[in-house]
Structure formats: C-alpha cells, structure tokens
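S.K.: Next up, work-v6.cif (mmCIF, C-alpha atoms).
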data_upload
#
loop_
_atom_site.label_atom_id
_atom_site.label_comp_id
_atom_site.auth_asym_id
_atom_site.auth_seq_id
_atom_site.Cartn_x
_atom_site.Cartn_y
_atom_site.Cartn_z
CA MET A 3 -41.37 -32.82 -44.11
CA ALA A 4 -38.42 -30.48 -43.53
CA ARG A 5 -37.26 -28.53 -46.55
CA PRO A 6 -33.89 -29.62 -47.99
CA LYS A 7 -30.98 -27.29 -47.27
CA ILE A 8 -28.24 -25.85 -49.46
CA LEU A 9 -24.98 -24.40 -48.15
CA VAL A 10 -23.52 -21.43 -50.07
CA PHE A 11 -19.95 -20.16 -49.73
CA GLN A 12 -19.76 -16.42 -50.51
CA HIS A 13 -16.53 -14.41 -50.68
CA VAL A 14 -17.66 -10.84 -51.39
CA PRO A 15 -21.11 -9.22 -51.09
CA TYR A 16 -21.27 -8.23 -54.75
CA GLU A 17 -21.05 -11.86 -55.93
CA PRO A 18 -24.33 -13.47 -54.77
CA LEU A 19 -26.39 -16.34 -56.19
CA GLY A 20 -28.00 -14.02 -58.73
CA THR A 21 -30.60 -15.75 -60.89
CA LEU A 22 -29.98 -19.03 -59.07
CA ASP A 23 -31.46 -17.63 -55.84
CA PRO A 24 -35.15 -17.49 -56.88
CA LEU A 25 -34.90 -20.89 -58.59
CA LEU A 26 -33.72 -22.54 -55.39
CA LYS A 27 -36.45 -20.82 -53.37
CA GLU A 28 -39.14 -21.79 -55.89
CA ALA A 29 -37.96 -25.39 -55.60
CA GLY A 30 -38.41 -25.25 -51.81
CA PHE A 31 -34.80 -25.21 -50.66
CA ARG A 32 -33.54 -23.43 -47.55
CA ILE A 33 -30.37 -21.46 -48.26
CA ARG A 34 -27.62 -20.83 -45.72
CA TYR A 35 -24.87 -18.42 -46.67
CA VAL A 36 -21.40 -18.57 -45.16
CA ASN A 37 -19.78 -15.20 -45.88
CA PHE A 38 -16.05 -15.79 -45.66
CA GLY A 39 -15.37 -12.08 -46.15
CA ARG A 40 -16.89 -11.48 -42.71
CA GLU A 41 -16.13 -14.88 -41.16
CA PRO A 42 -12.75 -16.04 -42.55
CA GLU A 43 -12.30 -18.47 -39.65
CA SER A 44 -15.64 -20.20 -40.24
CA ARG A 45 -15.50 -23.98 -40.68
CA PRO A 46 -19.10 -25.02 -41.46
CA SER A 47 -20.22 -28.63 -41.39
CA ILE A 48 -21.92 -30.07 -44.47
CA ASP A 49 -24.00 -32.47 -42.38
CA GLY A 50 -27.66 -32.21 -43.31
CA TYR A 51 -27.11 -30.35 -46.59
CA GLU A 52 -28.15 -31.62 -50.00
CA ALA A 53 -25.74 -29.41 -51.91
CA LEU A 54 -22.80 -27.03 -51.66
CA ILE A 55 -22.50 -23.98 -53.92
CA ILE A 56 -19.21 -22.06 -54.03
CA LEU A 57 -19.49 -18.59 -55.53
CA GLY A 58 -16.91 -16.36 -57.19
CA GLY A 59 -14.56 -13.77 -55.74
CA PRO A 60 -11.68 -11.49 -56.69
CA MET A 61 -8.99 -13.51 -54.94
CA ASN A 62 -6.76 -16.15 -56.49
CA CYS A 63 -7.40 -19.61 -55.06
CA ASP A 64 -3.69 -19.88 -54.16
CA GLN A 65 -3.76 -16.75 -51.94
CA THR A 66 -4.13 -18.85 -48.83
CA GLU A 67 -1.94 -16.68 -46.57
CA MET A 68 -4.18 -13.68 -47.19
CA HIS A 69 -7.36 -15.77 -47.30
CA PRO A 70 -6.87 -18.83 -45.05
CA ASN A 71 -10.53 -19.75 -45.51
CA LEU A 72 -9.59 -21.06 -48.97
CA ILE A 73 -7.80 -23.97 -47.31
CA SER A 74 -10.91 -24.84 -45.31
CA GLU A 75 -13.09 -24.50 -48.39
CA ILE A 76 -10.98 -26.94 -50.40
CA GLU A 77 -11.13 -29.44 -47.54
CA ILE A 78 -14.93 -29.10 -47.25
CA ILE A 79 -15.38 -29.37 -51.02
CA ARG A 80 -13.29 -32.54 -51.07
CA GLU A 81 -15.41 -33.98 -48.25
CA ALA A 82 -18.65 -33.06 -50.05
CA VAL A 83 -17.51 -34.79 -53.25
CA SER A 84 -16.41 -37.89 -51.33
CA ARG A 85 -19.87 -38.06 -49.73
CA ASP A 86 -21.58 -37.64 -53.12
CA ILE A 87 -23.19 -34.35 -52.08
CA SER A 88 -24.05 -32.17 -55.08
CA VAL A 89 -21.46 -29.43 -55.62
CA LEU A 90 -21.64 -26.40 -57.92
CA GLY A 91 -18.61 -24.12 -58.26
CA ILE A 92 -18.87 -20.81 -60.12
CA CYS A 93 -15.69 -19.00 -61.29
CA LEU A 94 -13.48 -18.99 -58.17
CA GLY A 95 -15.74 -21.77 -56.91
CA ALA A 96 -14.97 -23.85 -60.00
CA GLN A 97 -11.26 -23.24 -59.48
CA LEU A 98 -11.50 -24.34 -55.84
CA LEU A 99 -13.41 -27.45 -56.93
CA ALA A 100 -10.68 -28.23 -59.45
CA LYS A 101 -7.97 -27.81 -56.80
CA ALA A 102 -9.88 -30.03 -54.37
CA LEU A 103 -10.04 -32.77 -57.01
CA GLY A 104 -6.34 -32.67 -57.88
CA GLY A 105 -6.44 -30.23 -60.77
CA ALA A 106 -4.62 -26.91 -60.94
CA VAL A 107 -5.24 -23.22 -61.58
CA SER A 108 -2.91 -20.87 -63.45
CA ARG A 109 -2.97 -17.32 -64.84
CA ASN A 110 -4.39 -17.00 -68.35
CA ALA A 111 -2.65 -14.91 -71.00
CA THR A 112 -5.49 -12.36 -70.90
CA ARG A 113 -8.46 -11.62 -68.70
CA GLU A 114 -11.93 -12.51 -69.97
CA ILE A 115 -14.23 -9.70 -68.82
CA GLY A 116 -17.57 -9.22 -70.55
CA TRP A 117 -19.36 -11.33 -73.15
CA TYR A 118 -17.43 -14.24 -74.68
CA ASP A 119 -18.25 -17.37 -76.66
CA VAL A 120 -17.86 -20.81 -75.12
CA ASP A 121 -17.97 -24.03 -77.12
CA LEU A 122 -19.41 -27.27 -75.82
CA THR A 123 -17.25 -30.36 -76.11
CA THR A 124 -18.76 -33.61 -77.32
CA ALA A 125 -19.30 -34.56 -73.68
CA GLY A 126 -20.92 -31.18 -73.01
CA ILE A 127 -23.42 -31.67 -75.83
CA GLY A 128 -24.62 -34.87 -74.15
CA ASP A 129 -24.39 -33.66 -70.55
CA PRO A 130 -27.70 -33.82 -68.61
CA VAL A 131 -27.25 -30.24 -67.32
CA LEU A 132 -25.18 -28.30 -69.86
CA SER A 133 -26.93 -29.65 -72.97
CA THR A 134 -29.29 -26.67 -72.64
CA PHE A 135 -26.47 -24.67 -74.30
CA ALA A 136 -26.03 -24.16 -78.02
CA ARG A 137 -22.78 -25.67 -79.30
CA ASN A 138 -21.42 -22.13 -79.43
CA GLN A 139 -22.89 -19.99 -76.65
CA LYS A 140 -22.22 -16.41 -75.59
CA VAL A 141 -22.01 -16.02 -71.80
CA PHE A 142 -20.76 -13.47 -69.28
CA GLN A 143 -17.22 -13.81 -67.93
CA TRP A 144 -15.04 -12.09 -65.34
CA HIS A 145 -11.83 -13.93 -64.56
CA GLU A 146 -8.09 -13.94 -65.11
CA ASP A 147 -7.18 -17.48 -64.06
CA GLY A 148 -7.80 -20.75 -65.86
CA ILE A 149 -8.41 -24.33 -64.79
CA ILE A 150 -6.32 -27.41 -65.59
CA LEU A 151 -8.80 -30.30 -65.67
CA PRO A 152 -8.72 -32.54 -62.58
CA PRO A 153 -7.96 -36.24 -63.14
CA GLY A 154 -11.06 -38.27 -63.91
CA SER A 155 -13.21 -35.21 -64.64
CA VAL A 156 -15.23 -34.68 -67.80
CA HIS A 157 -14.42 -31.60 -69.91
CA LEU A 158 -17.72 -29.95 -70.91
CA ALA A 159 -16.93 -26.53 -72.42
CA THR A 160 -14.00 -24.48 -73.66
CA SER A 161 -13.17 -21.02 -75.01
CA THR A 162 -10.33 -19.35 -76.91
CA GLY A 163 -9.02 -17.64 -73.78
CA SER A 164 -9.62 -20.38 -71.21
CA ASN A 165 -9.53 -24.04 -72.16
CA VAL A 166 -11.66 -25.41 -69.30
CA GLN A 167 -14.86 -23.36 -69.11
CA ALA A 168 -16.93 -26.15 -67.55
CA PHE A 169 -16.36 -29.63 -66.18
CA ARG A 170 -18.14 -32.37 -64.29
CA HIS A 171 -16.71 -34.81 -61.77
CA GLY A 172 -18.77 -37.93 -61.21
CA GLU A 173 -22.50 -37.32 -61.44
CA HIS A 174 -23.00 -34.47 -58.99
CA ALA A 175 -20.07 -32.04 -59.03
CA TYR A 176 -20.03 -29.24 -61.63
CA GLY A 177 -17.55 -26.42 -62.16
CA LEU A 178 -18.49 -23.40 -64.31
CA GLN A 179 -15.78 -20.85 -65.06
CA PHE A 180 -18.31 -18.43 -66.60
CA HIS A 181 -21.09 -16.53 -64.79
CA LEU A 182 -24.43 -18.03 -65.77
CA GLU A 183 -26.06 -16.42 -62.71
CA MET A 184 -25.85 -12.84 -64.00
CA ASN A 185 -28.64 -10.36 -64.58
CA ARG A 186 -28.45 -6.79 -65.84
CA SER A 187 -28.37 -5.14 -62.40
CA LEU A 188 -25.61 -7.47 -61.21
CA ILE A 189 -23.50 -6.70 -64.28
CA GLU A 190 -23.90 -2.98 -63.60
CA ARG A 191 -22.91 -3.54 -59.98
CA TRP A 192 -19.70 -5.28 -61.04
CA LEU A 193 -18.86 -2.49 -63.47
CA THR A 194 -19.22 0.19 -60.78
CA VAL A 195 -18.18 -1.48 -57.51
CA PRO A 196 -14.95 0.16 -56.21
CA ALA A 197 -13.18 -3.19 -55.85
CA ASN A 198 -13.26 -3.72 -59.64
CA GLN A 199 -12.06 -0.29 -60.75
CA LYS A 200 -8.34 -1.13 -60.66
CA ILE A 201 -8.88 -4.07 -63.03
CA LEU A 202 -11.04 -2.00 -65.38
CA LEU A 203 -8.38 0.72 -65.42
CA GLU A 204 -5.67 -1.85 -66.23
CA GLU A 205 -7.82 -3.23 -69.08
CA GLN A 206 -8.82 0.19 -70.46
CA GLY A 207 -8.84 0.11 -74.25
CA ARG A 208 -9.44 -3.64 -74.34
CA VAL A 209 -12.37 -3.90 -71.91
CA GLU A 210 -14.82 -0.99 -72.11
CA PRO A 211 -17.69 -0.82 -69.57
CA ASP A 212 -19.97 1.01 -72.01
CA THR A 213 -19.46 -1.73 -74.61
CA ILE A 214 -20.34 -4.35 -71.99
CA ARG A 215 -23.46 -2.36 -71.08
CA SER A 216 -24.50 -2.16 -74.73
CA GLN A 217 -23.94 -5.87 -75.29
CA SER A 218 -25.83 -6.68 -72.09
CA LEU A 219 -28.94 -4.90 -73.37
CA GLU A 220 -28.92 -7.28 -76.35
CA LEU A 221 -27.81 -10.49 -74.64
CA ILE A 222 -29.02 -10.53 -71.03
CA ALA A 223 -32.56 -11.83 -71.72
CA ASP A 224 -31.17 -14.89 -73.51
CA LEU A 225 -28.66 -15.49 -70.69
CA GLU A 226 -31.39 -15.31 -68.04
CA ALA A 227 -33.52 -17.79 -70.01
CA LEU A 228 -30.53 -20.11 -70.39
CA SER A 229 -29.77 -19.73 -66.69
CA ARG A 230 -33.26 -20.82 -65.74
CA LYS A 231 -33.18 -23.87 -68.03
CA THR A 232 -29.69 -24.95 -66.99
CA PHE A 233 -29.95 -24.39 -63.24
CA SER A 234 -33.42 -25.98 -63.22
CA ARG A 235 -31.88 -29.12 -64.69
CA TRP A 236 -29.23 -29.07 -61.97
CA ILE A 237 -31.93 -28.70 -59.30
CA ASP A 238 -34.01 -31.51 -60.84
CA ARG A 239 -31.11 -33.91 -60.32
CA PHE A 240 -31.66 -33.88 -56.55
CA GLU A 241 -33.19 -37.27 -55.91
CA ILE A 242 -35.02 -36.16 -52.77
CA GLY A 243 -35.60 -32.53 -53.78
CA PRO A 244 -39.13 -31.13 -53.62
CA ARG A 245 -39.52 -31.38 -57.38
CA ARG A 246 -39.41 -35.16 -56.97
CA GLN A 247 -42.46 -35.14 -54.70
CA ARG A 248 -45.78 -36.14 -56.26
CA LEU A 249 -49.29 -35.84 -54.96
CA PRO A 250 -50.97 -39.20 -54.33
CA SER A 251 -53.22 -40.41 -57.17
CA ARG A 252 -56.95 -40.04 -56.62
#
Output the structure of this file as structure tokens.

M.R.:
Amino acid sequence: MARPKILVFQHVPYEPLGTLDPLLKEAGFRIRYVNFGREPESRPSIDGYEALIILGGPMNCDQTEMHPNLISEIEIIREAVSRDISVLGICLGAQLLAKALGGAVSRNATREIGWYDVDLTTAGIGDPVLSTFARNQKVFQWHEDGIILPPGSVHLATSTGSNVQAFRHGEHAYGLQFHLEMNRSLIERWLTVPANQKILLEEQGRVEPDTIRSQSLELIADLEALSRKTFSRWIDRFEIGPRRQRLPSR
C-alpha cells in the first residue's frame, strides 16, 4: 500500500516543519515541500494528498504584488477545505487560511516575539486536538499581524496581544498563530538569521534575544512534549493514515 502524502508550503528556509517533521515520518507519511521562495510561480495540485500544511514566513499575507504566490496559496487552501482535505496553517499559514475562509488579517498593536501565554476558549478546552493544552499555556510566538475569525469557524485560543491564537473550521482545518513546532536550535536560528535582525533592532528594549534564550532553556522541553501530544492527535485524525492500520488478529 502506497504511503499517504502531505503537501507542505514553505516560504523561507528558516521556517521548516520543526518538531512536526519527525512525527509525520514516524507515522509513515511522504512529505513534499513546495518552496515558494525559490518557486514563486509554482501552482501545485492537491490531488492525491491527504493534507496541506502551510508554514510561516516574514511577509504579510496582503503583500501579493511582491509575493504573487500568496494568491495561489489562498486559492489552493480554499480548494483543499472545500474537498475536506486536512489543512494546518501555522502563523502566516493560519492567516492565509483565515483569508481563504473569508476572515481578515490586520496589524496588531505590538509584535509578539518570544514566550507568551495563550488561553484556551471553552471550545478549545473540548477540542479533539488542542485539548492537550493547559487552560493557560506558554508557547513561542513570532508575529506582528492578527487574525479576525472567519465566518463559521470555531475560536479555540486567545492571548492579550492577539485575540485569535487558534481556530478550527469544520473538522479538518486548523489555524495556529503561535509556533508549536519550535525546538531550541530553531529558536536560536531565528534569533540570529540576518532576515530577522531589523525586527529585533526595532524591538530592542522590549524584545531581548538573551532573555528569550534564557526562557527557552526553561520552557523548551515542555513545548516539545506538548508539540508531540498535540500534533500526534492531529495526525491520528487521518481516517486512512497508517496509524489506523491494524494487524490481522491471530
């Protein structure tokens, strides 16, 4: 039996699947990346894929003149949702999912960069995927825009700086504004990559890389454990995924 396939939209090389990558491979999925930074004209088909994952990126989802691939991505996301293909959007990916579903994205009053608390809503507490979270959970963030909830979507988590931190549309489309996929090396990469230095300079005095490093030493193990529990639940929801297969009884 052929292994199920997952399509991943990537925007910059320093924002990969992170801790989600080994979980998907352990579950037997084949992963195909579409790197829009290198292939902005790409228009991949979702035929034959069990899921679509849209990763983060430094661009605003409205910067379509500079990044025309964002238009294609929204169209593909909308098609995936209409075909009931599982969709997971992370940060920019969650914003693109919201736009595809009729929501909106706007600039927040302040950037959230580093470790911040998110609070589950009542719906989040009972959600089959996000109920792995404590009611108040510290997670890693790196964003300046916020989501206005799409019509018909379920609000799952919120924070002081960004009202919609997580949402679900239907049974199989999830948007996460925060970065559950982080590990310590990936955080360090974000703090040192040249593309992020302008933002860190602008936020100097409010966002301190050394403070984030110190907090990461204390918090990253819990985040990685939460990542495994939460993403494993998302993977387990694939009805024909390899985790559903059982050996015949003897």

S.K.: What do you get, as a list in words, if you spell out every residue that the PyMOL selection byres ((chain A and resi 148) around 8) selects here?

M.R.: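 That expression, the PyMOL selection byres ((chain A and resi 148) around 8), corresponds here to Gln97, Val107, Ser108, Arg109, Asn110, Glu146, Asp147, Ile149, Ile150, Ser164, Asn165 and Val166 of chain A.
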
S.K.: Report, in Å to a single decimal, how far apart CA of Ile8 (chain A) and CA of Gly104 (chain A) are.

M.R.: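 Computing it gives 24.4 Å between the two atoms.
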
S.K.: I would like the residues chosen by the PyMOL selection byres ((chain A and resi 176-182) around 7) on the shown file; could you give them as a PyMOL selection string?

M.R.: chain A and resi 89-93+96+99+141-143+167-171+174-175+183-184+225+229

S.K.: Need the shell around Ala102 (chain A): protein/DNA/RNA residues with any atom at most 7 Å away, counting all atoms listed in the file. Skip same-chain ones fewer than 4 positions apart. Format as a list in words?

M.R.: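 In the requested format, the answer is Ile76, Glu77, Ile79, Arg80 and Leu98 of chain A.
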
S.K.: Pull out every residue that the PyMOL selection byres ((chain A and resi 192-202) around 10) matches in the shown coordinates and put them as a list in words.

M.R.: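 Against this file, the PyMOL selection byres ((chain A and resi 192-202) around 10) returns the residues Val14, Tyr16, Glu17, Pro60, Arg113, Ile115, Gly116, Trp144, Ser187, Leu188, Ile189, Glu190, Arg191, Leu203, Glu204, Glu205, Gln206, Gly207, Arg208, Val209, Glu210, Pro211, Asp212, Ile214 and Arg215 of chain A.
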
S.K.: Would you put the residues from that selection into a file with C-alpha atoms, as a PDB file, in the frame of the given file?

M.R.:
ATOM      1  CA  VAL A  14     -17.660 -10.840 -51.390  1.00  0.00           C
ATOM      2  CA  TYR A  16     -21.270  -8.230 -54.750  1.00  0.00           C
ATOM      3  CA  GLU A  17     -21.050 -11.860 -55.930  1.00  0.00           C
ATOM      4  CA  PRO A  60     -11.680 -11.490 -56.690  1.00  0.00           C
ATOM      5  CA  ARG A 113      -8.460 -11.620 -68.700  1.00  0.00           C
ATOM      6  CA  ILE A 115     -14.230  -9.700 -68.820  1.00  0.00           C
ATOM      7  CA  GLY A 116     -17.570  -9.220 -70.550  1.00  0.00           C
ATOM      8  CA  TRP A 144     -15.040 -12.090 -65.340  1.00  0.00           C
ATOM      9  CA  SER A 187     -28.370  -5.140 -62.400  1.00  0.00           C
ATOM     10  CA  LEU A 188     -25.610  -7.470 -61.210  1.00  0.00           C
ATOM     11  CA  ILE A 189     -23.500  -6.700 -64.280  1.00  0.00           C
ATOM     12  CA  GLU A 190     -23.900  -2.980 -63.600  1.00  0.00           C
ATOM     13  CA  ARG A 191     -22.910  -3.540 -59.980  1.00  0.00           C
ATOM     14  CA  LEU A 203      -8.380   0.720 -65.420  1.00  0.00           C
ATOM     15  CA  GLU A 204      -5.670  -1.850 -66.230  1.00  0.00           C
ATOM     16  CA  GLU A 205      -7.820  -3.230 -69.080  1.00  0.00           C
ATOM     17  CA  GLN A 206      -8.820   0.190 -70.460  1.00  0.00           C
ATOM     18  CA  GLY A 207      -8.840   0.110 -74.250  1.00  0.00           C
ATOM     19  CA  ARG A 208      -9.440  -3.640 -74.340  1.00  0.00           C
ATOM     20  CA  VAL A 209     -12.370  -3.900 -71.910  1.00  0.00           C
ATOM     21  CA  GLU A 210     -14.820  -0.990 -72.110  1.00  0.00           C
ATOM     22  CA  PRO A 211     -17.690  -0.820 -69.570  1.00  0.00           C
ATOM     23  CA  ASP A 212     -19.970   1.010 -72.010  1.00  0.00           C
ATOM     24  CA  ILE A 214     -20.340  -4.350 -71.990  1.00  0.00           C
ATOM     25  CA  ARG A 215     -23.460  -2.360 -71.080  1.00  0.00           C
TER      26      ARG A 215
END

S.K.: Hey, which of A:Glu52, A:Glu43, A:Glu220, A:Glu114 ends up closest to Leu26 (chain A)? Count all atoms listed in the file.

M.R.: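 Checking each candidate against Leu26 (chain A), we get A:Glu52 as the closest.
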
S.K.: Which value, in Å to one decimal, gives the distance between CA of Phe31 (chain A) and CA of Ala53 (chain A)?

M.R.: 10.1 Å

S.K.: Just the residues within 7 Å of region 120-124 of chain A, please, counting only C-alpha atoms, with nothing from its chain fewer than 5 positions along; format it as a list in words.

M.R.: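 Residues near the query, excluding close chain neighbours: Arg137, Asn138, Gln139, Lys140, His157, Leu158, Ala159, Thr160 and Ser161 of chain A.
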
S.K.: Using all atoms listed in the file, which residue out of A:Gly58, A:Pro42, A:Gly172, A:Gly163 lies closest to Leu103 (chain A)?

M.R.: A:Gly172
